[in-house]
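J.: My questions all concern the structure below.
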Amino acid sequence: MPELPEVETLRRQLRPELIGRTIVSGRAFSSAKFTQATDLVGVSITEVTRRGKYLLFELEDDRELIVHLGMTGQLRMEPSAAEPDQYERAAWLLDDDRRFVFRDVRRFGRIAVVDAGDYSSLPTLHHLGPEPFDRALTGAVLHAALRSSDRRIKTQLLSQRPIAGVGNIYADEAAWLAMVNPTWRRVTRPEAERLLDALRHVLADGIEHGGTTLRDYRTVDGGEGEHQRHLECYGRGGRPCSRCGTELVAKSIDARTTTWCPVCQRR
DNA sequence: ACTGTAACCTGCAGGC
DNA sequence: TGCCTGCAGGTTACAG
């Protein structure tokens, strides 16, 4: 499910519910990916932040609870009496008699409890690139980052190194908007400028629309996002480009389906 | 240090 | 109806 707009939507919804709440107890599905959820007893949440696709719950004891949603993760608030379903992977009982629940059908998600700021156990977070809306991230900075590798632009974006939080949907959307071909291995400085503008544009739109619900993604209240109604490129292979009418092409690029317009996204 | 590939999981849609 | 294959918002371990 979850790219930056989906995770940011959840962060904004969870923050007022969780700040100041004390975790009474935690339970977890019996897999090392989730069992650290049980390490939190009698500790309160002081802030809810985000880096890329990672949700960070700051705790009063200078630790952080980190949640990554994988492909199918969901976060919910429930009354403590609610029946857990078979896909619940972690749940925390709060001092207001509600449960904060992590549900994840495919179990690609992950729960970690770390000392504040110590991300060495999560390689992608540890080496995460700048936030898309960080003012220090300029076209020149993105250009330099993309030049440091010969991998395809799409692959580099998905690596989380040049910029944080971009996944398959928003990578295809931004490349289309910027008229940059995702299969290129190098971009010019002006192309990098356009790509950064486009990334910011599609991510901001995604947040504005509460995220993209294709299958599993749900907001905290169980609702769907709206951004799937605004997609111009992702998932539209074989259909006409809304800019020029040419049939969009979909091919597997480094094992991820990638869609682009062979006319607009051409030099 | 970097890169490509397989692996981790389950559900669902489409073809036969 | 049922079986089989391929595909899905991601990250990470491992081999070269």
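So you can find residues: chains in the structure tokens are A, B, ... in the order shown, residues in each start at 1, and ligands are numbered from 1 in order.
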Excluding DA7 (chain B) and any residue of its chain fewer than 4 positions from it, enumerate the residues within 12 Å of it, using only C-alpha atoms (C1' of nucleotides), and give them as a list in words.
T.: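 Final neighbour list, sorted by chain and number: Phe108 of chain A; DT11, DT12, DA13 and DC14 of chain C.
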J.: Filtering to N, CA, C and O atoms (P, O5', C5', C4', C3', O3' and C1' of nucleotides), could you give me those residues as a tab-separated table (two decimals), in the first residue's frame?
T.:
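Done, and the output landed in again-v1.tsv:
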chain	number	residue	atom	x	y	z
A	108	PHE	N	4.63	-8.24	5.04
A	108	PHE	CA	5.84	-7.58	4.56
A	108	PHE	C	6.19	-6.39	5.43
A	108	PHE	O	7.24	-5.77	5.28
C	11	DT	P	10.33	0.62	0.93
C	11	DT	O5'	11.24	-0.55	1.51
C	11	DT	C5'	10.89	-1.05	2.79
C	11	DT	C4'	11.60	-2.35	3.07
C	11	DT	C3'	13.11	-2.24	3.21
C	11	DT	O3'	13.40	-2.80	4.48
C	11	DT	C1'	12.51	-4.06	1.81
C	12	DT	P	14.86	-2.72	5.14
C	12	DT	O5'	15.42	-4.17	4.80
C	12	DT	C5'	14.65	-5.29	5.19
C	12	DT	C4'	15.40	-6.55	4.80
C	12	DT	C3'	16.92	-6.43	4.89
C	12	DT	O3'	17.41	-7.69	5.32
C	12	DT	C1'	16.34	-7.04	2.73
C	13	DA	P	18.74	-7.81	6.15
C	13	DA	O5'	19.16	-9.31	5.85
C	13	DA	C5'	18.15	-10.29	5.63
C	13	DA	C4'	18.69	-11.35	4.69
C	13	DA	C3'	20.19	-11.60	4.81
C	13	DA	O3'	20.44	-12.99	4.67
C	13	DA	C1'	19.66	-10.91	2.60
C	14	DC	P	21.90	-13.57	4.93
C	14	DC	O5'	22.36	-13.96	3.45
C	14	DC	C5'	21.39	-14.43	2.51
C	14	DC	C4'	22.01	-14.48	1.13
C	14	DC	C3'	23.54	-14.62	1.14
C	14	DC	O3'	23.91	-15.59	0.18
C	14	DC	C1'	22.91	-12.80	-0.19
J.: Apply DSSP to the structure's backbone, then extract all residues of region 99-200 of chain A labelled helix (DSSP H, G or I) and return them as a PyMOL selection string.
T.: chain A and resi 123-126+139-147+153-158+168-178+189-200
J.: When you draw a straight line from CA of Arg215 (chain A) to CA of Gly129 (chain A), how long is it in Å?
T.: 27.5 Å
J.: Residues of chain B within 10 Å of chain A, using only C-alpha atoms (C1' of nucleotides), as JSON, numbers by chain?
T.: {"B": [2, 3, 4, 5, 8, 9, 10, 11]}
J.: For chain A against chain C, which residues fall within 9 Å using only C-alpha atoms (C1' of nucleotides), given as a ChimeraX atom specification?
T.: /A:1-3,6,69-72,108-109,123-124,167-169,212-217
J.: Residues within 10 Å of Glu173 (chain A), please, as an MDAnalysis selection string. Count only C-alpha atoms (C1' of nucleotides); anything in the same chain fewer than 2 positions from it doesn't count.
T.: chainID A and resid 168:171 175:179 198:199 201:203 230:235 259:260
